[in-house]
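This report refers to the structure that appears directly beneath it.
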Amino acid sequence: MTLSLDPTPEVVDYPFNRPDNLELAGEYAAIREGSGLARVRLPFGEIGWLATRYADARTVLADPRFSRAESVTHDEPRMREGRQTGGILSVDPPDHTRLRVLVAKAFTVKRIEALRPTVKQLCQDLIDDAVAAGAPTDIVDRFALPLPVQVICELLGVPTSDRPRFRAWSDAALSTTSMTADEYQASREEFRDYMRGLLAIKRETPTDDLMTALVAARDEGDKLTELELIDLCNGILVAGHETTASQIPNFVLYLLSQEGSWQRLHDDPELIPAAVEELMRLVPLGLGGGQARYALEDVTFGDITVAKGEPVLVAIAAANRDPEVFDDPEVFDLERGRTPHIGFGHGAHHCLGAALARLELQEALLALTRNFPDLAVTEVDWKSEMVVRGPKKLMITW
């Protein structure tokens, strides 16, 4: 692919990454080293810009001149035919702030840290069960998926036994080409109906969980609409398990590809927090850029002007390897320290559950490296037609 350095570059097909590995496509570096922005065409929606530099990415994610809410009135560039409108990810402040405040108290660093003993024990219990079943075993089904599912279900107040049901709806929400727009919408409405049923139970029998607190905010404080309540709970449920469930096996694969890294974490578990930050910086979860932000006015990046009304996608993985910010950005460096990576996003839409994800990822790596110092992969079966990358099956032995 030839990328133009002209202020009005050619339009290139996107995404660049392949779903069957964790590599970052070379096109990102070519764009970042050139103009920094490229015109891209996704499978569906209008043509947009792709931001690859760290500074530009932070601007698009945090500058009020860029809007998520505007996507509702446009044919947003996307990887699937169906469109996901509504929900906390589709609004700007002050509506976004109103919804986020209702949930934020459940995800403070202090409250999440109090969960560490519970998460630690859950990790060990899952590993003990896997060992009892014998090798080889699927680390996704046995460990990576049930860990965040159980934690987010407990926090939100969703029956863990319903995992097969909401797993199917979660997969549909993150699918790309496997569903038509009608099928996508039908799945979304089924998910909403499921959550309506749970909310009705919470209204009849309140419990000490986040869903009950949100019901009270709706019924007693009138702080959100019923549909906002439903979509907020569904969004928390999907985001609260899918990303971590994907990144645990991704991190395992990446660490095993870095000679000596797995053994080093086994020998020195104090390095695990630093490892999680480096892995969040280096391992690209998404197949492509995230949700588009729309320019509310003309915004100039170097020689390129993004016109009012144009969408911009942010390549977080490329920004996290910007040599202007990170020394030797392609190197996995456990001595790098806490870096200013944007693996959890930036700005108003910074990942609400970042503290929880960090905790789960740290405890998962700690348990895996401690219990399986000689862990080896025997089979990898990759997800396909999804906006996230990762193994749907990762068979390991020890």
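Residue numbers start at 1 in each chain; chains themselves are named A, B, ... in the order of the structure tokens; ligands are numbered from 1 in the order shown.
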Applying 12 Å and only C-alpha atoms, which residues near Ala38 of chain A remain after dropping the ones on its own chain fewer than 2 positions away? List them as a short mmCIF file (atom, residue, chain, number, x, y, z; two decimals) with all heavy atoms, in the first residue's frame.
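And here's selection_16.cif as it stands now:
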data_model
loop_
_atom_site.label_atom_id
_atom_site.label_comp_id
_atom_site.auth_asym_id
_atom_site.auth_seq_id
_atom_site.Cartn_x
_atom_site.Cartn_y
_atom_site.Cartn_z
N THR A 2 0.57 2.19 -0.85
CA THR A 2 1.29 3.45 -0.90
C THR A 2 0.47 4.53 -0.22
O THR A 2 -0.70 4.74 -0.53
CB THR A 2 1.55 3.87 -2.37
OG1 THR A 2 2.31 2.84 -3.01
CG2 THR A 2 2.34 5.17 -2.40
N LEU A 3 1.08 5.20 0.73
CA LEU A 3 0.39 6.26 1.46
C LEU A 3 0.89 7.61 0.98
O LEU A 3 2.08 7.87 0.95
CB LEU A 3 0.62 6.12 2.96
CG LEU A 3 0.03 4.86 3.59
CD1 LEU A 3 0.54 4.70 5.02
CD2 LEU A 3 -1.47 4.93 3.59
N SER A 4 -0.02 8.48 0.61
CA SER A 4 0.35 9.80 0.12
C SER A 4 0.67 10.72 1.28
O SER A 4 0.06 10.65 2.34
CB SER A 4 -0.82 10.39 -0.69
OG SER A 4 -0.56 11.73 -1.01
N LEU A 5 1.64 11.61 1.12
CA LEU A 5 1.94 12.63 2.10
C LEU A 5 1.30 13.95 1.73
O LEU A 5 1.53 14.98 2.35
CB LEU A 5 3.45 12.80 2.25
CG LEU A 5 4.21 11.55 2.72
CD1 LEU A 5 5.68 11.87 2.90
CD2 LEU A 5 3.63 11.03 4.02
N ASP A 6 0.48 13.94 0.68
CA ASP A 6 -0.25 15.13 0.26
C ASP A 6 -1.25 15.52 1.34
O ASP A 6 -1.77 14.66 2.06
CB ASP A 6 -1.00 14.82 -1.05
CG ASP A 6 -1.64 16.07 -1.64
OD1 ASP A 6 -0.93 16.79 -2.34
OD2 ASP A 6 -2.84 16.29 -1.36
N PRO A 7 -1.52 16.84 1.52
CA PRO A 7 -2.51 17.25 2.54
C PRO A 7 -3.87 16.62 2.36
O PRO A 7 -4.67 16.59 3.29
CB PRO A 7 -2.56 18.77 2.36
CG PRO A 7 -1.21 19.13 1.82
CD PRO A 7 -0.85 17.98 0.92
N THR A 8 -4.21 16.14 1.15
CA THR A 8 -5.47 15.42 0.93
C THR A 8 -5.13 14.01 0.48
O THR A 8 -5.16 13.70 -0.71
CB THR A 8 -6.34 16.13 -0.12
OG1 THR A 8 -5.59 16.31 -1.32
CG2 THR A 8 -6.79 17.49 0.39
N PRO A 9 -4.77 13.12 1.41
CA PRO A 9 -4.27 11.79 1.05
C PRO A 9 -5.35 10.92 0.42
O PRO A 9 -6.54 11.16 0.59
CB PRO A 9 -3.80 11.22 2.38
CG PRO A 9 -4.61 11.94 3.41
CD PRO A 9 -4.81 13.31 2.87
N GLU A 10 -4.89 9.90 -0.27
CA GLU A 10 -5.80 8.92 -0.85
C GLU A 10 -6.57 8.19 0.25
O GLU A 10 -6.16 8.16 1.41
CB GLU A 10 -5.01 7.91 -1.67
CG GLU A 10 -4.05 7.08 -0.81
CD GLU A 10 -3.25 6.07 -1.61
OE1 GLU A 10 -3.86 5.12 -2.12
OE2 GLU A 10 -2.02 6.26 -1.71
N VAL A 11 -7.69 7.61 -0.13
CA VAL A 11 -8.49 6.84 0.80
C VAL A 11 -8.03 5.39 0.76
O VAL A 11 -7.90 4.80 -0.32
CB VAL A 11 -9.99 6.94 0.45
CG1 VAL A 11 -10.82 6.07 1.39
CG2 VAL A 11 -10.46 8.38 0.50
N VAL A 12 -7.74 4.82 1.93
CA VAL A 12 -7.26 3.44 2.00
C VAL A 12 -8.27 2.60 2.78
O VAL A 12 -8.97 3.09 3.67
CB VAL A 12 -5.87 3.35 2.66
CG1 VAL A 12 -4.83 4.04 1.80
CG2 VAL A 12 -5.87 3.95 4.06
N ASP A 13 -8.34 1.32 2.44
CA ASP A 13 -9.26 0.41 3.11
C ASP A 13 -8.77 0.11 4.53
O ASP A 13 -7.55 -0.04 4.77
CB ASP A 13 -9.40 -0.89 2.32
CG ASP A 13 -10.17 -0.70 1.01
OD1 ASP A 13 -10.97 0.25 0.94
OD2 ASP A 13 -9.96 -1.50 0.08
N TYR A 14 -9.70 -0.01 5.43
CA TYR A 14 -9.40 -0.20 6.85
C TYR A 14 -10.39 -1.20 7.42
O TYR A 14 -11.53 -1.25 6.96
CB TYR A 14 -9.50 1.16 7.56
CG TYR A 14 -8.99 1.17 8.98
CD1 TYR A 14 -7.62 1.12 9.24
CD2 TYR A 14 -9.87 1.23 10.05
CE1 TYR A 14 -7.15 1.13 10.55
CE2 TYR A 14 -9.40 1.25 11.35
CZ TYR A 14 -8.06 1.20 11.60
OH TYR A 14 -7.59 1.21 12.88
N PRO A 15 -10.03 -2.05 8.39
CA PRO A 15 -8.82 -2.03 9.22
C PRO A 15 -7.63 -2.72 8.56
O PRO A 15 -7.78 -3.46 7.58
CB PRO A 15 -9.25 -2.78 10.48
CG PRO A 15 -10.29 -3.74 10.00
CD PRO A 15 -11.02 -3.03 8.90
N GLU A 27 1.19 -0.56 8.39
CA GLU A 27 0.61 0.67 7.84
C GLU A 27 0.50 1.78 8.89
O GLU A 27 0.60 2.96 8.57
CB GLU A 27 -0.79 0.39 7.26
CG GLU A 27 -0.79 -0.37 5.95
CD GLU A 27 -0.83 -1.88 6.14
OE1 GLU A 27 -0.44 -2.36 7.24
OE2 GLU A 27 -1.24 -2.58 5.20
N TYR A 28 0.30 1.39 10.14
CA TYR A 28 0.16 2.40 11.19
C TYR A 28 1.43 3.24 11.32
O TYR A 28 1.37 4.48 11.41
CB TYR A 28 -0.15 1.74 12.53
CG TYR A 28 -1.55 1.19 12.65
CD1 TYR A 28 -1.78 -0.18 12.68
CD2 TYR A 28 -2.65 2.05 12.73
CE1 TYR A 28 -3.06 -0.69 12.82
CE2 TYR A 28 -3.93 1.55 12.85
CZ TYR A 28 -4.13 0.18 12.88
OH TYR A 28 -5.40 -0.31 13.00
N ALA A 29 2.58 2.58 11.36
CA ALA A 29 3.84 3.31 11.50
C ALA A 29 4.08 4.20 10.28
O ALA A 29 4.58 5.32 10.40
CB ALA A 29 5.00 2.34 11.69
N ALA A 30 3.72 3.69 9.09
CA ALA A 30 3.91 4.48 7.87
C ALA A 30 3.10 5.77 7.93
O ALA A 30 3.57 6.84 7.54
CB ALA A 30 3.52 3.65 6.65
N ILE A 31 1.86 5.68 8.42
CA ILE A 31 1.02 6.88 8.54
C ILE A 31 1.57 7.81 9.61
O ILE A 31 1.68 9.02 9.41
CB ILE A 31 -0.43 6.48 8.88
CG1 ILE A 31 -1.04 5.66 7.76
CG2 ILE A 31 -1.28 7.73 9.14
CD1 ILE A 31 -2.35 4.98 8.13
N ARG A 32 1.93 7.23 10.76
CA ARG A 32 2.43 8.04 11.88
C ARG A 32 3.69 8.79 11.50
O ARG A 32 3.89 9.94 11.89
CB ARG A 32 2.68 7.12 13.08
CG ARG A 32 2.92 7.86 14.40
CD ARG A 32 3.15 6.87 15.53
NE ARG A 32 4.28 6.00 15.23
CZ ARG A 32 4.27 4.67 15.40
NH1 ARG A 32 3.20 4.06 15.86
NH2 ARG A 32 5.33 3.95 15.10
N GLU A 33 4.55 8.15 10.73
CA GLU A 33 5.80 8.78 10.32
C GLU A 33 5.61 9.76 9.16
O GLU A 33 6.50 10.55 8.86
CB GLU A 33 6.81 7.71 9.93
CG GLU A 33 7.25 6.85 11.13
CD GLU A 33 7.91 5.55 10.71
OE1 GLU A 33 8.19 5.40 9.49
OE2 GLU A 33 8.14 4.68 11.58
N GLY A 34 4.45 9.69 8.51
CA GLY A 34 4.16 10.62 7.42
C GLY A 34 3.37 11.81 7.93
O GLY A 34 3.84 12.60 8.74
N SER A 35 2.12 11.90 7.49
CA SER A 35 1.28 13.03 7.87
C SER A 35 0.64 12.87 9.23
O SER A 35 0.15 13.83 9.81
CB SER A 35 0.19 13.23 6.81
OG SER A 35 -0.65 12.08 6.76
N GLY A 36 0.61 11.63 9.74
CA GLY A 36 -0.01 11.38 11.04
C GLY A 36 -1.48 10.98 10.94
O GLY A 36 -1.98 10.27 11.79
N VAL A 40 -9.55 6.90 5.61
CA VAL A 40 -9.80 5.46 5.61
C VAL A 40 -11.26 5.17 5.29
O VAL A 40 -12.17 5.94 5.60
CB VAL A 40 -9.42 4.82 6.96
CG1 VAL A 40 -7.92 4.86 7.18
CG2 VAL A 40 -10.16 5.49 8.12
N ARG A 41 -11.43 4.00 4.66
CA ARG A 41 -12.76 3.51 4.31
C ARG A 41 -12.98 2.19 5.04
O ARG A 41 -12.28 1.21 4.81
CB ARG A 41 -12.89 3.29 2.81
CG ARG A 41 -14.26 2.74 2.36
CD ARG A 41 -14.24 2.31 0.91
NE ARG A 41 -13.95 3.40 -0.01
CZ ARG A 41 -12.79 3.57 -0.64
NH1 ARG A 41 -11.79 2.70 -0.44
NH2 ARG A 41 -12.61 4.57 -1.47
N ILE A 47 -16.57 7.78 4.79
CA ILE A 47 -15.11 7.84 4.87
C ILE A 47 -14.72 8.72 6.06
O ILE A 47 -15.36 9.73 6.35
CB ILE A 47 -14.53 8.39 3.55
CG1 ILE A 47 -14.72 7.35 2.44
CG2 ILE A 47 -13.05 8.74 3.71
CD1 ILE A 47 -14.39 7.86 1.06
N GLY A 48 -13.67 8.32 6.76
CA GLY A 48 -13.23 9.09 7.91
C GLY A 48 -11.72 9.25 7.94
O GLY A 48 -11.01 8.77 7.05
N TRP A 49 -11.24 9.93 8.96
CA TRP A 49 -9.81 10.09 9.20
C TRP A 49 -9.37 9.08 10.27
O TRP A 49 -10.15 8.70 11.13
CB TRP A 49 -9.50 11.50 9.69
CG TRP A 49 -9.71 12.58 8.69
CD1 TRP A 49 -10.83 13.36 8.53
CD2 TRP A 49 -8.78 13.02 7.71
NE1 TRP A 49 -10.64 14.25 7.51
CE2 TRP A 49 -9.39 14.07 6.98
CE3 TRP A 49 -7.48 12.64 7.36
CZ2 TRP A 49 -8.75 14.73 5.94
CZ3 TRP A 49 -6.83 13.29 6.32
CH2 TRP A 49 -7.47 14.33 5.63
N LEU A 50 -8.09 8.71 10.21
CA LEU A 50 -7.49 7.84 11.20
C LEU A 50 -6.32 8.56 11.84
O LEU A 50 -5.36 8.93 11.13
CB LEU A 50 -7.02 6.52 10.57
CG LEU A 50 -6.36 5.52 11.53
CD1 LEU A 50 -7.40 4.93 12.48
CD2 LEU A 50 -5.66 4.40 10.74
N ALA A 51 -6.37 8.79 13.15
CA ALA A 51 -5.28 9.46 13.87
C ALA A 51 -4.36 8.41 14.48
O ALA A 51 -4.82 7.48 15.15
CB ALA A 51 -5.85 10.36 14.97
N THR A 52 -3.05 8.56 14.25
CA THR A 52 -2.09 7.55 14.68
C THR A 52 -1.05 8.07 15.67
O THR A 52 -0.38 7.26 16.31
CB THR A 52 -1.34 6.96 13.46
OG1 THR A 52 -0.65 8.02 12.80
CG2 THR A 52 -2.31 6.28 12.51
N ARG A 53 -0.89 9.38 15.76
CA ARG A 53 0.11 9.93 16.68
C ARG A 53 -0.49 10.12 18.07
O ARG A 53 -1.67 10.39 18.22
CB ARG A 53 0.64 11.26 16.14
CG ARG A 53 1.47 11.12 14.88
CD ARG A 53 1.88 12.47 14.33
NE ARG A 53 2.70 12.33 13.12
CZ ARG A 53 2.95 13.32 12.27
NH1 ARG A 53 2.45 14.53 12.50
NH2 ARG A 53 3.69 13.11 11.20
N PHE A 301 -4.43 19.54 12.15
CA PHE A 301 -3.35 18.71 12.66
C PHE A 301 -2.19 18.83 11.68
O PHE A 301 -2.21 18.20 10.62
CB PHE A 301 -3.78 17.25 12.77
CG PHE A 301 -4.92 17.00 13.73
CD1 PHE A 301 -6.24 17.08 13.31
CD2 PHE A 301 -4.67 16.68 15.05
CE1 PHE A 301 -7.29 16.83 14.18
CE2 PHE A 301 -5.70 16.44 15.94
CZ PHE A 301 -7.02 16.51 15.51
N ASP A 303 -0.34 19.70 8.67
CA ASP A 303 -0.74 20.18 7.35
C ASP A 303 -2.15 19.75 6.97
O ASP A 303 -2.62 20.07 5.88
CB ASP A 303 0.24 19.67 6.28
CG ASP A 303 1.64 20.24 6.45
OD1 ASP A 303 1.74 21.38 6.96
OD2 ASP A 303 2.62 19.56 6.11
N ILE A 304 -2.81 19.00 7.84
CA ILE A 304 -4.13 18.46 7.50
C ILE A 304 -5.20 19.13 8.35
O ILE A 304 -5.06 19.28 9.57
CB ILE A 304 -4.16 16.93 7.72
CG1 ILE A 304 -3.27 16.24 6.69
CG2 ILE A 304 -5.58 16.39 7.64
CD1 ILE A 304 -3.19 14.74 6.84
N THR A 305 -6.28 19.51 7.70
CA THR A 305 -7.43 20.07 8.39
C THR A 305 -8.59 19.09 8.32
O THR A 305 -9.01 18.69 7.23
CB THR A 305 -7.86 21.42 7.79
OG1 THR A 305 -6.80 22.37 7.97
CG2 THR A 305 -9.12 21.94 8.48
N VAL A 306 -9.07 18.70 9.48
CA VAL A 306 -10.28 17.88 9.57
C VAL A 306 -11.45 18.86 9.57
O VAL A 306 -11.57 19.71 10.46
CB VAL A 306 -10.30 17.02 10.84
CG1 VAL A 306 -11.62 16.28 10.97
CG2 VAL A 306 -9.13 16.03 10.83
N PRO A 311 -15.65 12.58 10.52
CA PRO A 311 -15.33 11.67 11.63
C PRO A 311 -13.85 11.33 11.69
O PRO A 311 -13.16 11.25 10.66
CB PRO A 311 -16.15 10.43 11.28
CG PRO A 311 -16.20 10.42 9.78
CD PRO A 311 -16.19 11.86 9.35
N VAL A 312 -13.37 11.13 12.92
CA VAL A 312 -11.98 10.72 13.14
C VAL A 312 -11.97 9.48 14.03
O VAL A 312 -12.58 9.46 15.10
CB VAL A 312 -11.15 11.83 13.81
CG1 VAL A 312 -9.68 11.40 13.92
CG2 VAL A 312 -11.26 13.13 13.04
N LEU A 313 -11.28 8.45 13.58
CA LEU A 313 -11.04 7.24 14.38
C LEU A 313 -9.66 7.35 15.00
O LEU A 313 -8.75 7.93 14.40
CB LEU A 313 -11.10 5.99 13.50
CG LEU A 313 -12.44 5.71 12.82
CD1 LEU A 313 -12.22 4.90 11.55
CD2 LEU A 313 -13.36 4.96 13.77
N VAL A 314 -9.51 6.80 16.19
CA VAL A 314 -8.23 6.88 16.90
C VAL A 314 -7.58 5.50 16.94
O VAL A 314 -8.19 4.54 17.44
CB VAL A 314 -8.42 7.40 18.33
CG1 VAL A 314 -7.11 7.34 19.10
CG2 VAL A 314 -8.94 8.84 18.29
N ALA A 315 -6.37 5.40 16.42
CA ALA A 315 -5.60 4.15 16.47
C ALA A 315 -4.79 4.15 17.77
O ALA A 315 -3.62 4.57 17.80
CB ALA A 315 -4.69 4.04 15.25
#
### Query
Got a sec: who's within 7 Å of segment 253-264 of chain A, counting only C-alpha atoms, leaving out chain neighbours fewer than 4 positions off, as a PyMOL selection string?
chain A and resi 249+268+369+373
### Task
Would you mind writing down, as a ChimeraX atom specification, each residue of segment 276-354 of chain A that DSSP on the backbone assigns to alpha helix (DSSP H)?
/A:276-282,316-319,354
Can those selected residues be exported to a file as a tab-separated table (two decimals), in the first residue's frame so that it contains all heavy atoms?
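Final output, selection27.tsv:
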chain	number	residue	atom	x	y	z
A	276	VAL	N	1.71	-5.47	33.34
A	276	VAL	CA	0.35	-5.19	32.87
A	276	VAL	C	0.31	-3.87	32.11
A	276	VAL	O	-0.33	-3.76	31.05
A	276	VAL	CB	-0.65	-5.18	34.05
A	276	VAL	CG1	-1.99	-4.60	33.62
A	276	VAL	CG2	-0.84	-6.60	34.58
A	277	GLU	N	1.01	-2.85	32.61
A	277	GLU	CA	1.02	-1.55	31.92
A	277	GLU	C	1.71	-1.67	30.56
A	277	GLU	O	1.22	-1.11	29.57
A	277	GLU	CB	1.70	-0.49	32.78
A	277	GLU	CG	1.03	-0.24	34.11
A	277	GLU	CD	-0.45	0.05	34.00
A	277	GLU	OE1	-0.85	0.84	33.12
A	277	GLU	OE2	-1.24	-0.54	34.79
A	278	GLU	N	2.82	-2.38	30.51
A	278	GLU	CA	3.51	-2.56	29.22
A	278	GLU	C	2.66	-3.37	28.24
A	278	GLU	O	2.63	-3.08	27.04
A	278	GLU	CB	4.85	-3.26	29.43
A	278	GLU	CG	6.04	-2.35	29.57
A	278	GLU	CD	6.36	-1.57	28.31
A	278	GLU	OE1	5.71	-0.53	28.08
A	278	GLU	OE2	7.25	-1.97	27.53
A	279	LEU	N	1.98	-4.37	28.76
A	279	LEU	CA	1.12	-5.18	27.89
A	279	LEU	C	-0.07	-4.38	27.40
A	279	LEU	O	-0.48	-4.51	26.24
A	279	LEU	CB	0.68	-6.44	28.64
A	279	LEU	CG	1.78	-7.46	28.91
A	279	LEU	CD1	1.36	-8.44	30.00
A	279	LEU	CD2	2.16	-8.20	27.64
A	280	MET	N	-0.65	-3.54	28.24
A	280	MET	CA	-1.74	-2.67	27.81
A	280	MET	C	-1.26	-1.71	26.73
A	280	MET	O	-2.02	-1.35	25.82
A	280	MET	CB	-2.30	-1.88	28.99
A	280	MET	CG	-3.20	-2.68	29.92
A	280	MET	SD	-4.67	-3.36	29.11
A	280	MET	CE	-5.43	-1.88	28.43
A	281	ARG	N	-0.01	-1.30	26.81
A	281	ARG	CA	0.54	-0.39	25.80
A	281	ARG	C	0.82	-1.12	24.49
A	281	ARG	O	0.55	-0.58	23.40
A	281	ARG	CB	1.85	0.23	26.34
A	281	ARG	CG	2.45	1.28	25.41
A	281	ARG	CD	3.77	1.81	25.96
A	281	ARG	NE	4.84	0.83	25.88
A	281	ARG	CZ	5.58	0.60	24.80
A	281	ARG	NH1	5.34	1.26	23.67
A	281	ARG	NH2	6.54	-0.30	24.82
A	282	LEU	N	1.31	-2.34	24.58
A	282	LEU	CA	1.85	-3.02	23.39
A	282	LEU	C	0.88	-3.97	22.71
A	282	LEU	O	1.02	-4.22	21.51
A	282	LEU	CB	3.11	-3.80	23.78
A	282	LEU	CG	4.41	-3.01	23.82
A	282	LEU	CD1	5.50	-3.84	24.49
A	282	LEU	CD2	4.84	-2.57	22.44
A	316	ILE	N	-5.41	3.70	18.84
A	316	ILE	CA	-4.77	3.73	20.16
A	316	ILE	C	-3.48	2.93	20.17
A	316	ILE	O	-2.47	3.36	20.75
A	316	ILE	CB	-5.76	3.23	21.22
A	316	ILE	CG1	-6.81	4.30	21.50
A	316	ILE	CG2	-5.03	2.84	22.51
A	316	ILE	CD1	-7.88	3.90	22.49
A	317	ALA	N	-3.48	1.77	19.52
A	317	ALA	CA	-2.28	0.93	19.51
A	317	ALA	C	-1.11	1.63	18.83
A	317	ALA	O	0.04	1.51	19.27
A	317	ALA	CB	-2.58	-0.40	18.83
A	318	ALA	N	-1.39	2.37	17.75
A	318	ALA	CA	-0.32	3.11	17.07
A	318	ALA	C	0.16	4.27	17.93
A	318	ALA	O	1.36	4.54	18.02
A	318	ALA	CB	-0.83	3.62	15.73
A	319	ALA	N	-0.77	4.96	18.57
A	319	ALA	CA	-0.40	6.07	19.45
A	319	ALA	C	0.46	5.59	20.60
A	319	ALA	O	1.39	6.30	21.04
A	319	ALA	CB	-1.65	6.76	19.97
A	354	ALA	N	-11.26	0.81	34.43
A	354	ALA	CA	-9.82	0.61	34.30
A	354	ALA	C	-9.20	0.02	35.57
A	354	ALA	O	-8.36	-0.88	35.50
A	354	ALA	CB	-9.13	1.94	33.95
Compile the contact shell of Pro94 of chain A as an mmCIF file with all heavy atoms, in the first residue's frame: residues with an atom at most 12 Å away, counting only C-alpha atoms, same-chain residues fewer than 4 positions apart removed.
data_model
loop_
_atom_site.group_PDB
_atom_site.id
_atom_site.type_symbol
_atom_site.label_atom_id
_atom_site.label_comp_id
_atom_site.auth_asym_id
_atom_site.auth_seq_id
_atom_site.Cartn_x
_atom_site.Cartn_y
_atom_site.Cartn_z
ATOM 1 N N PRO A 64 -13.106 19.058 23.434
ATOM 2 C CA PRO A 64 -14.556 19.235 23.223
ATOM 3 C C PRO A 64 -14.933 19.607 21.797
ATOM 4 O O PRO A 64 -16.124 19.622 21.467
ATOM 5 C CB PRO A 64 -14.924 20.344 24.214
ATOM 6 C CG PRO A 64 -13.643 21.056 24.507
ATOM 7 C CD PRO A 64 -12.564 20.014 24.421
ATOM 8 N N SER A 67 -16.898 15.186 19.013
ATOM 9 C CA SER A 67 -18.124 14.716 19.645
ATOM 10 C C SER A 67 -18.439 13.268 19.292
ATOM 11 O O SER A 67 -18.317 12.860 18.130
ATOM 12 C CB SER A 67 -19.292 15.602 19.201
ATOM 13 O OG SER A 67 -20.538 15.012 19.506
ATOM 14 N N ALA A 69 -21.601 12.214 20.342
ATOM 15 C CA ALA A 69 -23.043 12.341 20.135
ATOM 16 C C ALA A 69 -23.389 12.625 18.677
ATOM 17 O O ALA A 69 -24.449 12.201 18.198
ATOM 18 C CB ALA A 69 -23.607 13.443 21.033
ATOM 19 N N ILE A 88 -24.028 5.079 27.023
ATOM 20 C CA ILE A 88 -23.091 6.055 27.555
ATOM 21 C C ILE A 88 -21.960 6.381 26.578
ATOM 22 O O ILE A 88 -21.390 7.476 26.617
ATOM 23 C CB ILE A 88 -22.520 5.563 28.908
ATOM 24 C CG1 ILE A 88 -21.793 6.687 29.643
ATOM 25 C CG2 ILE A 88 -21.630 4.338 28.709
ATOM 26 C CD1 ILE A 88 -21.402 6.335 31.065
ATOM 27 N N ARG A 98 -23.565 12.912 33.552
ATOM 28 C CA ARG A 98 -24.710 12.513 34.381
ATOM 29 C C ARG A 98 -24.763 10.999 34.540
ATOM 30 O O ARG A 98 -24.972 10.480 35.652
ATOM 31 C CB ARG A 98 -26.000 13.028 33.727
ATOM 32 C CG ARG A 98 -27.288 12.488 34.358
ATOM 33 C CD ARG A 98 -28.508 13.126 33.706
ATOM 34 N NE ARG A 98 -28.539 12.932 32.267
ATOM 35 C CZ ARG A 98 -29.037 11.845 31.668
ATOM 36 N NH1 ARG A 98 -29.537 10.857 32.392
ATOM 37 N NH2 ARG A 98 -29.037 11.751 30.353
ATOM 38 N N LEU A 99 -24.569 10.273 33.463
ATOM 39 C CA LEU A 99 -24.619 8.810 33.527
ATOM 40 C C LEU A 99 -23.392 8.233 34.208
ATOM 41 O O LEU A 99 -23.486 7.290 35.006
ATOM 42 C CB LEU A 99 -24.754 8.237 32.117
ATOM 43 C CG LEU A 99 -26.049 8.569 31.370
ATOM 44 C CD1 LEU A 99 -25.984 8.069 29.929
ATOM 45 C CD2 LEU A 99 -27.254 7.972 32.078
ATOM 46 N N ARG A 100 -22.240 8.797 33.926
ATOM 47 C CA ARG A 100 -20.996 8.250 34.482
ATOM 48 C C ARG A 100 -20.947 8.405 36.001
ATOM 49 O O ARG A 100 -20.482 7.488 36.704
ATOM 50 C CB ARG A 100 -19.798 8.950 33.830
ATOM 51 C CG ARG A 100 -18.449 8.314 34.187
ATOM 52 C CD ARG A 100 -17.311 9.023 33.487
ATOM 53 N NE ARG A 100 -16.028 8.453 33.855
ATOM 54 C CZ ARG A 100 -15.314 7.620 33.107
ATOM 55 N NH1 ARG A 100 -15.772 7.227 31.943
ATOM 56 N NH2 ARG A 100 -14.151 7.161 33.520
ATOM 57 N N VAL A 101 -21.427 9.538 36.496
ATOM 58 C CA VAL A 101 -21.401 9.769 37.938
ATOM 59 C C VAL A 101 -22.201 8.710 38.685
ATOM 60 O O VAL A 101 -21.850 8.316 39.803
ATOM 61 C CB VAL A 101 -21.932 11.188 38.251
ATOM 62 C CG1 VAL A 101 -22.267 11.342 39.730
ATOM 63 C CG2 VAL A 101 -20.901 12.234 37.841
ATOM 64 N N ALA A 348 -13.118 12.124 28.508
ATOM 65 C CA ALA A 348 -14.397 11.831 29.171
ATOM 66 C C ALA A 348 -14.762 10.356 29.103
ATOM 67 O O ALA A 348 -15.380 9.820 30.026
ATOM 68 C CB ALA A 348 -15.505 12.672 28.546
#
### Task
Between A:Ala172, A:Ala295, A:Ala130, A:Ala62, single out the one closest to Ala307 of chain A, counting only C-alpha atoms.
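Closest to Ala307 of chain A of all the choices is A:Ala295.
Taking only segment 22-259 of chain A, the residues that DSSP calls strand (DSSP E or B) from the backbone come to Leu37, Ala38, Arg39, Val40, Arg41, Phe44, Gly48, Trp49, Leu50, Ala51, Phe66, Ser67, Arg78, Thr137, Asp138 and Ser175 of chain A.
For the pair atom CA of Trp398 of chain A and atom CA of Trp382 of chain A, the separation is 21.2 Å.
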### Query
Quick one: residues within 12 Å of Thr73 of chain A, only C-alpha atoms counted, chain neighbours fewer than 3 positions away excluded, as a list in words?
Gly45, Ser67, Arg68, Ala69, Glu70, Glu76, Arg83, Thr85, Gly86, Ser90, Val91, Tyr294, Gly309, Glu310 and Pro311 of chain A
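The interatomic distance for the pair atom CA of Arg358 of chain A and atom CA of Asp56 of chain A works out to 25.3 Å.
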Using only C-alpha atoms, what table do you get, as a tab-separated table, when you list each residue of segment 198-275 of chain A with an atom no more than 10 Å from segment 106-125 of chain A, its nearest pair of atoms, and their distance in Å rounded to one decimal, rows by chain then rising number?
residue	atom	partner	partner_atom	distance
A:Asp209	CA	A:Ala106	CA	9.1
A:Leu210	CA	A:Ala106	CA	7.0
A:Ala213	CA	A:Ala106	CA	9.8
### Message
Could you tell me how far atom CA of Gln291 of chain A sits from atom CA of Asp231 of chain A, in Å to one decimal place?
### Response
17.0 Å
So that each row is one residue of segment 198-247 of chain A with an atom at most 10 Å from segment 174-193 of chain A, can you give its shortest atom pair and the distance in Å to one decimal, using only C-alpha atoms, rows by chain and rising number, as JSON lines?
{"residue": "A:Leu198", "atom": "CA", "partner": "A:Asp193", "partner_atom": "CA", "distance": 8.8}
{"residue": "A:Leu199", "atom": "CA", "partner": "A:Asp193", "partner_atom": "CA", "distance": 9.8}
{"residue": "A:Leu227", "atom": "CA", "partner": "A:Arg192", "partner_atom": "CA", "distance": 8.6}
{"residue": "A:Ile230", "atom": "CA", "partner": "A:Arg192", "partner_atom": "CA", "distance": 6.3}
{"residue": "A:Asp231", "atom": "CA", "partner": "A:Arg192", "partner_atom": "CA", "distance": 7.2}
{"residue": "A:Cys233", "atom": "CA", "partner": "A:Arg192", "partner_atom": "CA", "distance": 9.3}
{"residue": "A:Asn234", "atom": "CA", "partner": "A:Arg192", "partner_atom": "CA", "distance": 7.4}
{"residue": "A:Val238", "atom": "CA", "partner": "A:Leu174", "partner_atom": "CA", "distance": 9.1}
{"residue": "A:Glu242", "atom": "CA", "partner": "A:Leu174", "partner_atom": "CA", "distance": 9.2}
